[in-house]
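The next block holds one structure in the form of structure tokens; read it before the comments.
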Amino acid sequence: MKNNIKKDGYMFKILEELIYIACVLLGFYIAFLVRFNMNPSLFNIKPFYDNIHYIVIASVVVFYLYNIVSTVKNTLFENALIIAISLVLINMIVIAVVFFDRGFSFPRSVFLLGLPIQFVFMFIIKIFIIKYIKHYRKSKNIMIIASKKEAERIAVKLLLDKSNLDNVRYICNEINDDIYMFINSSDKIYIGDNVNNEDKLNIMKYCSIMNKDVYLIPGLFEISMVNSKTTQIDDMLVLKIDRLGLSFERRIVKRIIDIAVSLIGLILTAPVLLLVSIAIKLFDNGPIFFRQERITEGNKVFDLYKLRTMVVDAEKHSGPVLATDKDTRITPLGRFLRSSRLDEIPQLLNVLKGDMSIVGPRPERPYFVEKYNEEIEEFKYRVFVKAGITGLAQIMGKYSTDAKNKAKYDLLYIMNYSLMLDIKIIFNTVKIMFMKESSAGVADDKRLEDIIKELNLKTYEELGVTKVDNI
């Protein structure tokens, strides 16, 4: 039964993507009709027919890079943003293809007309799909099994997640025989990374028998297993876990891409950099650039360059501290630069120098590296690759995501490195530049008790498990 559900879900996503590809083609076709007074001759519309296969290929690649079928997890604005960016890229690719293939055989007006038509079609369909899923999808009960602090952190994340359509029902801090009764009444089981391996294995075995979905909060062991490869010794099955870091060949390819992208980026952003530099100087007559020691591959210390977004000597009295939400040290102009990520442009010079890569774990300051290495097991492994301007932690998390979760994303990136992953991260970085919360400062921690009250929920204890119900 469960396998059939999974197959149905997979087929639904394929169908959804095929519909979006059809929207792209239909948008171009309608644009041709409008351009040629609803009656284009074969000569006029033939270039469209000749380039359909290029349009389809471009659509498949871009939709894959932006995970266009990931629907419910995104807000309506995020879905609209992903659709808009995807269509702009598809149209740019098609412009390049028809230029080299046929020499502007598409009238430029076709792209101007086609883009909004494609967007309207895709957005309407996306809205319909979201409403369909939310209407027919039944809410499921969630059980969280972890230490008190970890369980509360997981519960807070789930309760605040607007895309989460399920109900947090049980929170368990102590593992005993009674918890299996609550597992029977749950559909999804979240297990914290601090649950000991024996209890974790027993719970997973039971959930497998009872056909429950299990979600593990991964630690170093689980992340290391994600990209393991099967091999054998004689007839014995063996899992091979690759060592951390990149091979010589991957380093060469990555460095070539870094040089090319940083050079192109510096050339394209030079006018913007000039205007922003003038604005910073005029604002308070302080220095334009901000230089700070950071740590990269092999714990090497280097000077990171950024456009200054804070007042001069921001840490003169406070010492090293992370930027917080509504930080008074950030200037009004600095807030704009941070939210638009324009303050990161000078780091292209760091990439060109070889201290950084376009994609990799964000470089941290020596003070925080020393602090987090002692507190977070996964953090020390981030230096097996060069630090980056953007990374998996930046597109999957937020600026306010805690250091432990960022370190896990960074470790996952290192363990699963590929050229395609780098490309996907670069493309998705464009998306998060338009999302305000991705660049917000570190937010104050919200307590579970406060969120319970805000959501009009009540809790009570039963057999050592905290039950959550509606008032």
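Ordering of the structure tokens sets the chain letters (A, B, ...), residue numbers begin anew at 1 in every chain, and ligands are numbered from 1 in the order given.
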Do a neighbour search on Ser59 (chain A) at 12 Å with only C-alpha atoms, toss out local chain neighbours closer than 4 positions, and write the hits as a PyMOL selection string.
chain A and resi 17-25+52-55+63-68+83+85-94+118
Kindly provide the residues of region 400-444 of chain A that approach region 219-225 of chain A to within 12 Å, each paired with its closest atom pair and their distance in Å to one decimal, based on only C-alpha atoms, listed by chain and increasing number, as CSV.
```
residue,atom,partner,partner_atom,distance
A:Lys404,CA,A:Gly219,CA,10.0
A:Asn405,CA,A:Gly219,CA,9.9
A:Ala407,CA,A:Leu220,CA,10.1
A:Lys408,CA,A:Gly219,CA,7.5
A:Tyr409,CA,A:Ile223,CA,9.1
A:Asp410,CA,A:Ile223,CA,10.3
A:Leu411,CA,A:Ile223,CA,7.3
A:Leu412,CA,A:Ile223,CA,6.0
A:Tyr413,CA,A:Ile223,CA,9.7
A:Ile414,CA,A:Ser224,CA,9.7
A:Met415,CA,A:Ser224,CA,6.7
A:Asn416,CA,A:Ser224,CA,9.2
```
Compile the contact shell of Ser262 (chain A) as a PDB file with N, CA and C atoms, in the first residue's frame: residues with an atom at most 10 Å away, counting only C-alpha atoms, same-chain residues fewer than 4 positions apart removed.
```pdb
ATOM      1  N   ILE A 257      36.131  26.760 -12.487  1.00  0.00           N
ATOM      2  CA  ILE A 257      34.799  27.376 -12.426  1.00  0.00           C
ATOM      3  C   ILE A 257      34.827  28.607 -11.529  1.00  0.00           C
ATOM      4  N   ASP A 258      35.534  28.520 -10.411  1.00  0.00           N
ATOM      5  CA  ASP A 258      35.633  29.664  -9.490  1.00  0.00           C
ATOM      6  C   ASP A 258      36.242  30.877 -10.178  1.00  0.00           C
ATOM      7  N   LEU A 266      32.652  39.917 -11.292  1.00  0.00           N
ATOM      8  CA  LEU A 266      33.265  41.228 -11.032  1.00  0.00           C
ATOM      9  C   LEU A 266      33.017  42.202 -12.184  1.00  0.00           C
ATOM     10  N   ILE A 267      33.065  41.700 -13.409  1.00  0.00           N
ATOM     11  CA  ILE A 267      32.822  42.561 -14.575  1.00  0.00           C
ATOM     12  C   ILE A 267      31.365  43.031 -14.590  1.00  0.00           C
ATOM     13  N   LEU A 268      30.424  42.102 -14.353  1.00  0.00           N
ATOM     14  CA  LEU A 268      28.998  42.437 -14.412  1.00  0.00           C
ATOM     15  C   LEU A 268      28.561  43.343 -13.263  1.00  0.00           C
ATOM     16  N   ILE A 345      29.536  41.143  -2.661  1.00  0.00           N
ATOM     17  CA  ILE A 345      30.213  41.246  -3.958  1.00  0.00           C
ATOM     18  C   ILE A 345      31.745  41.219  -3.848  1.00  0.00           C
ATOM     19  N   PRO A 346      32.358  41.980  -2.907  1.00  0.00           N
ATOM     20  CA  PRO A 346      33.832  41.978  -2.843  1.00  0.00           C
ATOM     21  C   PRO A 346      34.452  40.606  -2.571  1.00  0.00           C
ATOM     22  N   GLN A 347      33.655  39.662  -2.089  1.00  0.00           N
ATOM     23  CA  GLN A 347      34.204  38.332  -1.834  1.00  0.00           C
ATOM     24  C   GLN A 347      34.584  37.606  -3.125  1.00  0.00           C
ATOM     25  N   LEU A 348      34.135  38.131  -4.253  1.00  0.00           N
ATOM     26  CA  LEU A 348      34.581  37.579  -5.536  1.00  0.00           C
ATOM     27  C   LEU A 348      36.097  37.754  -5.682  1.00  0.00           C
ATOM     28  N   LEU A 349      36.640  38.800  -5.045  1.00  0.00           N
ATOM     29  CA  LEU A 349      38.098  38.986  -5.032  1.00  0.00           C
ATOM     30  C   LEU A 349      38.767  37.889  -4.213  1.00  0.00           C
ATOM     31  N   ASN A 350      38.140  37.500  -3.089  1.00  0.00           N
ATOM     32  CA  ASN A 350      38.660  36.395  -2.285  1.00  0.00           C
ATOM     33  C   ASN A 350      38.682  35.091  -3.078  1.00  0.00           C
ATOM     34  N   VAL A 351      37.638  34.910  -3.911  1.00  0.00           N
ATOM     35  CA  VAL A 351      37.569  33.707  -4.753  1.00  0.00           C
ATOM     36  C   VAL A 351      38.679  33.739  -5.791  1.00  0.00           C
ATOM     37  N   LEU A 352      38.866  34.891  -6.414  1.00  0.00           N
ATOM     38  CA  LEU A 352      39.900  35.037  -7.442  1.00  0.00           C
ATOM     39  C   LEU A 352      41.291  34.794  -6.855  1.00  0.00           C
ATOM     40  N   LYS A 353      41.505  35.243  -5.603  1.00  0.00           N
ATOM     41  CA  LYS A 353      42.790  35.040  -4.935  1.00  0.00           C
ATOM     42  C   LYS A 353      43.020  33.581  -4.545  1.00  0.00           C
ATOM     43  N   SER A 357      35.893  29.737  -2.366  1.00  0.00           N
ATOM     44  CA  SER A 357      35.265  29.187  -3.562  1.00  0.00           C
ATOM     45  C   SER A 357      33.901  29.856  -3.708  1.00  0.00           C
ATOM     46  N   ILE A 358      33.295  29.745  -4.870  1.00  0.00           N
ATOM     47  CA  ILE A 358      31.942  30.279  -5.038  1.00  0.00           C
ATOM     48  C   ILE A 358      30.987  29.533  -4.112  1.00  0.00           C
TER      49      ILE A 358
END
```
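Surrounding region 138-143 of chain A within 6 Å are A:Leu165, A:Asp166, A:Asn167, A:Val168, A:Arg169, A:Tyr170, A:Ile171, A:Ser186, A:Asp187, A:Lys188, A:Ile189, with only C-alpha atoms counted and residues fewer than 3 positions along the same chain left out.
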Expected answer as a ChimeraX atom specification: helix (DSSP H, G or I) residues in region 27-89 of chain A:
/A:27-35,42-50,52-65,76-89
Among region 272-373 of chain A, which ones does DSSP place in strand (DSSP E), written as a count of residues only?
18
Within 10 Å of region 451-455 of chain A, counting only C-alpha atoms, which residues show up once you throw out same-chain ones fewer than 5 positions away? Write them as a PyMOL selection string, please.
chain A and resi 155-156+159-160+446+468-471
Report, in Å with one decimal, the straight-line distance from CA of Glu297 (chain A) to CA of Val385 (chain A).
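One can read the CA of Glu297 (chain A) to CA of Val385 (chain A) distance as 5.1 Å.
Of the listed residues (A:Ala151, A:Leu333, A:Leu42, A:Leu76), A:Leu333 comes nearest to Leu282 (chain A); the distances count only C-alpha atoms.
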Hey, what's within 12 Å of Lys134 (chain A) if we count only C-alpha atoms and toss same-chain stuff fewer than 6 positions away? As a PyMOL selection string, please?
chain A and resi 71-73+127-128+163-166
Suppose we keep all heavy atoms; can you now write the selection as a PDB file, in the first residue's frame?
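Wrote result.pdb, looks like this:
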```pdb
ATOM      1  N   THR A  71       5.885  21.967  -3.824  1.00  0.00           N
ATOM      2  CA  THR A  71       4.781  22.914  -3.799  1.00  0.00           C
ATOM      3  C   THR A  71       4.380  23.363  -2.404  1.00  0.00           C
ATOM      4  O   THR A  71       4.464  24.532  -2.057  1.00  0.00           O
ATOM      5  CB  THR A  71       3.547  22.307  -4.504  1.00  0.00           C
ATOM      6  OG1 THR A  71       3.889  22.005  -5.852  1.00  0.00           O
ATOM      7  CG2 THR A  71       2.373  23.264  -4.495  1.00  0.00           C
ATOM      8  N   VAL A  72       3.955  22.432  -1.576  1.00  0.00           N
ATOM      9  CA  VAL A  72       3.356  22.772  -0.281  1.00  0.00           C
ATOM     10  C   VAL A  72       4.375  23.386   0.665  1.00  0.00           C
ATOM     11  O   VAL A  72       4.027  24.195   1.520  1.00  0.00           O
ATOM     12  CB  VAL A  72       2.717  21.517   0.346  1.00  0.00           C
ATOM     13  CG1 VAL A  72       2.093  21.839   1.696  1.00  0.00           C
ATOM     14  CG2 VAL A  72       1.650  20.948  -0.585  1.00  0.00           C
ATOM     15  N   LYS A  73       5.642  23.021   0.540  1.00  0.00           N
ATOM     16  CA  LYS A  73       6.661  23.511   1.471  1.00  0.00           C
ATOM     17  C   LYS A  73       6.978  24.989   1.271  1.00  0.00           C
ATOM     18  O   LYS A  73       7.586  25.612   2.127  1.00  0.00           O
ATOM     19  CB  LYS A  73       7.949  22.684   1.325  1.00  0.00           C
ATOM     20  CG  LYS A  73       7.807  21.258   1.832  1.00  0.00           C
ATOM     21  CD  LYS A  73       9.125  20.517   1.741  1.00  0.00           C
ATOM     22  CE  LYS A  73       8.989  19.093   2.269  1.00  0.00           C
ATOM     23  NZ  LYS A  73      10.272  18.365   2.208  1.00  0.00           N
ATOM     24  N   ILE A 127      -1.428  27.433  -7.940  1.00  0.00           N
ATOM     25  CA  ILE A 127      -2.437  27.734  -6.918  1.00  0.00           C
ATOM     26  C   ILE A 127      -3.453  26.595  -6.821  1.00  0.00           C
ATOM     27  O   ILE A 127      -3.843  26.167  -5.722  1.00  0.00           O
ATOM     28  CB  ILE A 127      -3.151  29.068  -7.232  1.00  0.00           C
ATOM     29  CG1 ILE A 127      -2.171  30.239  -7.068  1.00  0.00           C
ATOM     30  CG2 ILE A 127      -4.363  29.268  -6.333  1.00  0.00           C
ATOM     31  CD1 ILE A 127      -2.735  31.572  -7.534  1.00  0.00           C
ATOM     32  N   PHE A 128      -3.895  26.108  -7.962  1.00  0.00           N
ATOM     33  CA  PHE A 128      -4.864  25.006  -7.981  1.00  0.00           C
ATOM     34  C   PHE A 128      -4.288  23.758  -7.317  1.00  0.00           C
ATOM     35  O   PHE A 128      -4.970  23.093  -6.520  1.00  0.00           O
ATOM     36  CB  PHE A 128      -5.263  24.695  -9.428  1.00  0.00           C
ATOM     37  CG  PHE A 128      -6.136  23.480  -9.569  1.00  0.00           C
ATOM     38  CD1 PHE A 128      -7.491  23.535  -9.277  1.00  0.00           C
ATOM     39  CD2 PHE A 128      -5.587  22.264  -9.972  1.00  0.00           C
ATOM     40  CE1 PHE A 128      -8.292  22.402  -9.397  1.00  0.00           C
ATOM     41  CE2 PHE A 128      -6.377  21.128 -10.088  1.00  0.00           C
ATOM     42  CZ  PHE A 128      -7.741  21.197  -9.801  1.00  0.00           C
ATOM     43  N   SER A 163       4.371  25.667   6.379  1.00  0.00           N
ATOM     44  CA  SER A 163       4.122  24.640   5.378  1.00  0.00           C
ATOM     45  C   SER A 163       3.779  23.290   6.007  1.00  0.00           C
ATOM     46  O   SER A 163       3.368  22.364   5.312  1.00  0.00           O
ATOM     47  CB  SER A 163       5.350  24.473   4.477  1.00  0.00           C
ATOM     48  OG  SER A 163       6.440  23.941   5.203  1.00  0.00           O
ATOM     49  N   ASN A 164       3.937  23.174   7.330  1.00  0.00           N
ATOM     50  CA  ASN A 164       3.636  21.923   8.026  1.00  0.00           C
ATOM     51  C   ASN A 164       2.128  21.800   8.233  1.00  0.00           C
ATOM     52  O   ASN A 164       1.525  22.591   8.961  1.00  0.00           O
ATOM     53  CB  ASN A 164       4.364  21.870   9.369  1.00  0.00           C
ATOM     54  CG  ASN A 164       3.991  20.630  10.170  1.00  0.00           C
ATOM     55  OD1 ASN A 164       3.840  19.546   9.616  1.00  0.00           O
ATOM     56  ND2 ASN A 164       3.830  20.795  11.472  1.00  0.00           N
ATOM     57  N   LEU A 165       1.516  20.809   7.602  1.00  0.00           N
ATOM     58  CA  LEU A 165       0.069  20.617   7.693  1.00  0.00           C
ATOM     59  C   LEU A 165      -0.307  19.589   8.750  1.00  0.00           C
ATOM     60  O   LEU A 165      -1.487  19.280   8.927  1.00  0.00           O
ATOM     61  CB  LEU A 165      -0.479  20.170   6.330  1.00  0.00           C
ATOM     62  CG  LEU A 165      -0.159  21.086   5.141  1.00  0.00           C
ATOM     63  CD1 LEU A 165      -0.720  20.500   3.860  1.00  0.00           C
ATOM     64  CD2 LEU A 165      -0.692  22.491   5.366  1.00  0.00           C
ATOM     65  N   ASP A 166       0.677  19.059   9.460  1.00  0.00           N
ATOM     66  CA  ASP A 166       0.440  18.000  10.437  1.00  0.00           C
ATOM     67  C   ASP A 166       0.401  18.550  11.864  1.00  0.00           C
ATOM     68  O   ASP A 166       0.799  19.691  12.116  1.00  0.00           O
ATOM     69  CB  ASP A 166       1.517  16.916  10.303  1.00  0.00           C
ATOM     70  CG  ASP A 166       1.519  16.286   8.919  1.00  0.00           C
ATOM     71  OD1 ASP A 166       0.428  15.996   8.410  1.00  0.00           O
ATOM     72  OD2 ASP A 166       2.613  16.116   8.349  1.00  0.00           O
TER      73      ASP A 166
END
```
Atom-to-atom span, CA of Asn176 (chain A) and CA of Asp450 (chain A), Å
28.2 Å
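As for CA of Met122 (chain A) and CA of Gly397 (chain A), they are spaced 26.3 Å apart.
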Distance query Phe48 (chain A) at most 9 Å, only C-alpha atoms, self and fewer than 4 positions along chain excluded, as a VMD selection string
chain A and resid 28 to 29 32 44 52 105 to 106
File of the preceding selection, C-alpha atoms, as a short mmCIF file (atom, residue, chain, number, x, y, z; two decimals), in the first residue's frame:
```cif
data_model
loop_
_atom_site.label_atom_id
_atom_site.label_comp_id
_atom_site.auth_asym_id
_atom_site.auth_seq_id
_atom_site.Cartn_x
_atom_site.Cartn_y
_atom_site.Cartn_z
CA PHE A 28 5.46 30.81 -26.81
CA TYR A 29 2.77 29.59 -29.22
CA PHE A 32 3.48 33.92 -31.92
CA ASN A 44 6.83 32.78 -39.40
CA ILE A 52 10.69 23.01 -29.42
CA SER A 105 14.58 33.75 -35.86
CA PHE A 106 12.29 34.45 -32.90
#
```
